[in-house]
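One structure below.
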Amino acid sequence: MMKVVSCTLHVALMTMVLVFCTPAFAQLKIDITKGNFEPLPIAISDMTGDSARASTIGQDISRVIAANLERSGLFRPIEKQAFIEQITNGDSVPRFADWRQINAQGLVTGTVNISGADKVKLSFRLWDNTVEKQIAGKEFNTFQRNWRRVAHLISDEIYKRLTGEEGYFDTRIVYISESGPARSRIKRLAIMDQDGENHKFLTDGSALVLSPNFSPNTQEIIYLSYKNKVPRVYLRDLQTGREEIVGQFEGMSFAPRFNHDGSRMLMSIATGGNTEIYEMDLRSRQLRRMTNSPGIDTSPSYSPDGRQITFESDRGGSQQIYTMSADGSNPTRISFGQGKYGAPAWSPRGDLIAFTKIYGGQFYTGVMRADGSGERTLTESWLDEGPTWAPNGRVILFTRQWRGSGPVAGRSRLFSVDITGYNLRELPTPTDASDPSWSPLMPL
């Protein structure tokens, strides 16, 4: 008898709760420790439905799953024209020999059933065609409008089963949308899913905004705004749209970053020609100075456990990366390569710090260990800057800008790259884009 690993996604209004199950042991596995490897061939069949509407939802879900997996660079979805077996019942055991014949090592099937005016039950199965076994599966009960999110959750589940790492598809990205001529750019806060869908502008462009950062609960962001022509750090609730100034300070406040649980934040405050890093308790709004040097200390980023902070400073005569303890003690320089270093961002895993480097007239995105060892550059261009991490610590998103003449001169877009330096891809946005911040996985 076929074993189904099933879970239910209960939806009440906009609340989604997923009960996870213990996974079946998977024979099929991707070795992602190697820098250069062939993507895993996988077949994503259209989910079958109990009606025309259900079949359409199933096809849309399968399309999103295939796009997610392909974009990761770890999978190669096989074209449907190559399929020998046409799945007519997503609950049935497939003909494994047919899938092995087209070199599909993995197979995804599923079903969609309309269970009410706006409700739907969805299930998926992941098959290992070599050992002829189901190795994962889940069931979701939700509103029809949530089909795209279910596709991301399924993608995460497949990614996790076959790589051993958490996925990153059920996430959002907040960034700065840029438009207009170079000397009078309109910069608006914008938000979208990690694949560019569900795009929305959060501000109208009447005030310049910069450097947004997601909270750990994914429901708030902090950012710099020149609202009322005064640069201040604002806190915005993404559900209600309510925004507030985090504090009135003497001088300009900028470069805000949340800590690991969202209870505190770091930012830079510039007063009297000096820029220092401060920490604020977001409950009490008490402010504490963290650095004390004659140089510019900025771009702070907490370690995921909250015990350390990395930041950039020119206190030693050139722009470099430092770390310090969470109480501001023991500042230690960790970048010693050629060039200037900035914009450090601590990986969610805690093992690496991403950075921007300027050397020889070029910009680089790179990573190094927390002690500064093992430096590797991942990208190079005229202007690459502002790295932000996917929540699994596997992918980095950053801004790339072009120079020169022609249609791309001055263009600024978002790009992603794997920490191996492979799979460089543009993330399409409706306008120019900069300053991305990648959310944690969305709460269920």
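Labels for the structure tokens follow display order: chains A, B, ..., residues from 1 in each chain, ligands from 1.
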
**Asked** What's the 7 Å shell around stretch 332-342 of chain A, counting only C-alpha atoms, without same-chain residues fewer than 6 positions away, as number ranges by chain?
**Response** A: 312, 318-324, 355-359, 371-372

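For A:Ser72, the residues within 9 Å (counting only C-alpha atoms, excluding itself and residues fewer than 5 positions away along the chain) are A:Ala67, A:Val395, A:Asp418, A:Asn423.
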
**Long-range neighbours of A:Trp127 as number ranges by chain, 6 Å cut-off, only C-alpha atoms, 6 positions minimum in chain** = A: 106-107, 133-135

May I have the selected residues written with C-alpha atoms, as an mmCIF file, in the first residue's frame?
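Wrote out-v8.cif, looks like this:
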data_model
loop_
_atom_site.group_PDB
_atom_site.id
_atom_site.type_symbol
_atom_site.label_atom_id
_atom_site.label_comp_id
_atom_site.auth_asym_id
_atom_site.auth_seq_id
_atom_site.Cartn_x
_atom_site.Cartn_y
_atom_site.Cartn_z
ATOM 1 C CA GLY A 106 13.073 12.974 -9.354
ATOM 2 C CA LEU A 107 9.377 13.377 -10.129
ATOM 3 C CA LYS A 133 9.642 5.184 -3.853
ATOM 4 C CA GLN A 134 7.823 8.251 -2.631
ATOM 5 C CA ILE A 135 10.226 10.260 -0.496
#

**Message:** From the options A:Tyr422, A:Trp402, A:Tyr302, A:Phe75, which residue's atoms come nearest to A:Phe363, counting only C-alpha atoms?
**Reply:** A:Trp402

Determine, counting only C-alpha atoms, which protein, DNA and RNA residues have an atom within 12 Å of an atom of A:Asn330; residues of the same chain fewer than 5 positions away are not included. Present the result as a PDB file with N, CA and C atoms, in the first residue's frame.
ATOM      1  N   MET A 290      27.716  52.532  20.724  1.00  0.00           N
ATOM      2  CA  MET A 290      28.460  51.280  20.598  1.00  0.00           C
ATOM      3  C   MET A 290      29.904  51.468  20.156  1.00  0.00           C
ATOM      4  N   THR A 291      30.201  52.529  19.411  1.00  0.00           N
ATOM      5  CA  THR A 291      31.565  52.764  18.930  1.00  0.00           C
ATOM      6  C   THR A 291      32.035  54.141  19.379  1.00  0.00           C
ATOM      7  N   ASN A 292      33.342  54.326  19.357  1.00  0.00           N
ATOM      8  CA  ASN A 292      33.927  55.600  19.762  1.00  0.00           C
ATOM      9  C   ASN A 292      35.260  55.751  19.061  1.00  0.00           C
ATOM     10  N   GLN A 308      27.675  39.131  18.473  1.00  0.00           N
ATOM     11  CA  GLN A 308      28.691  39.962  17.835  1.00  0.00           C
ATOM     12  C   GLN A 308      28.047  40.893  16.826  1.00  0.00           C
ATOM     13  N   ILE A 309      28.809  41.885  16.427  1.00  0.00           N
ATOM     14  CA  ILE A 309      28.379  42.870  15.441  1.00  0.00           C
ATOM     15  C   ILE A 309      29.527  43.083  14.462  1.00  0.00           C
ATOM     16  N   THR A 310      29.218  43.108  13.185  1.00  0.00           N
ATOM     17  CA  THR A 310      30.206  43.502  12.192  1.00  0.00           C
ATOM     18  C   THR A 310      29.826  44.872  11.641  1.00  0.00           C
ATOM     19  N   TYR A 322      35.184  45.429  10.431  1.00  0.00           N
ATOM     20  CA  TYR A 322      35.536  45.110  11.817  1.00  0.00           C
ATOM     21  C   TYR A 322      34.426  44.253  12.432  1.00  0.00           C
ATOM     22  N   THR A 323      34.756  43.588  13.499  1.00  0.00           N
ATOM     23  CA  THR A 323      33.756  42.958  14.355  1.00  0.00           C
ATOM     24  C   THR A 323      33.964  43.469  15.777  1.00  0.00           C
ATOM     25  N   MET A 324      32.922  43.382  16.583  1.00  0.00           N
ATOM     26  CA  MET A 324      33.021  43.718  18.004  1.00  0.00           C
ATOM     27  C   MET A 324      31.993  42.896  18.766  1.00  0.00           C
ATOM     28  N   SER A 325      32.173  42.812  20.063  1.00  0.00           N
ATOM     29  CA  SER A 325      31.200  42.116  20.896  1.00  0.00           C
ATOM     30  C   SER A 325      29.900  42.905  20.935  1.00  0.00           C
TER      31      SER A 325
END

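A straight line drawn from atom CA of A:Arg349 to atom CA of A:Trp382 is 29.2 Å long.
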
Would you pick out the contacts of A:Gly272 at 10 Å or less, using only C-alpha atoms, so that residues sharing its chain but fewer than 2 positions from it are not included, and give the list as an mmCIF file with C-alpha atoms, in the first residue's frame?
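Output below, filename out.cif:
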data_model
loop_
_atom_site.group_PDB
_atom_site.id
_atom_site.type_symbol
_atom_site.label_atom_id
_atom_site.label_comp_id
_atom_site.auth_asym_id
_atom_site.auth_seq_id
_atom_site.Cartn_x
_atom_site.Cartn_y
_atom_site.Cartn_z
ATOM 1 C CA GLU A 250 20.760 65.327 16.992
ATOM 2 C CA GLY A 251 22.210 64.738 13.559
ATOM 3 C CA ALA A 270 26.287 61.479 12.353
ATOM 4 C CA ASN A 274 31.625 62.241 13.414
ATOM 5 C CA THR A 275 29.650 59.066 12.661
#

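You can rank A:Glu157, A:Glu70, A:Asp60, A:Glu178 by their closest distance to A:Leu126 using only C-alpha atoms, and at the top of that list sits A:Glu157.
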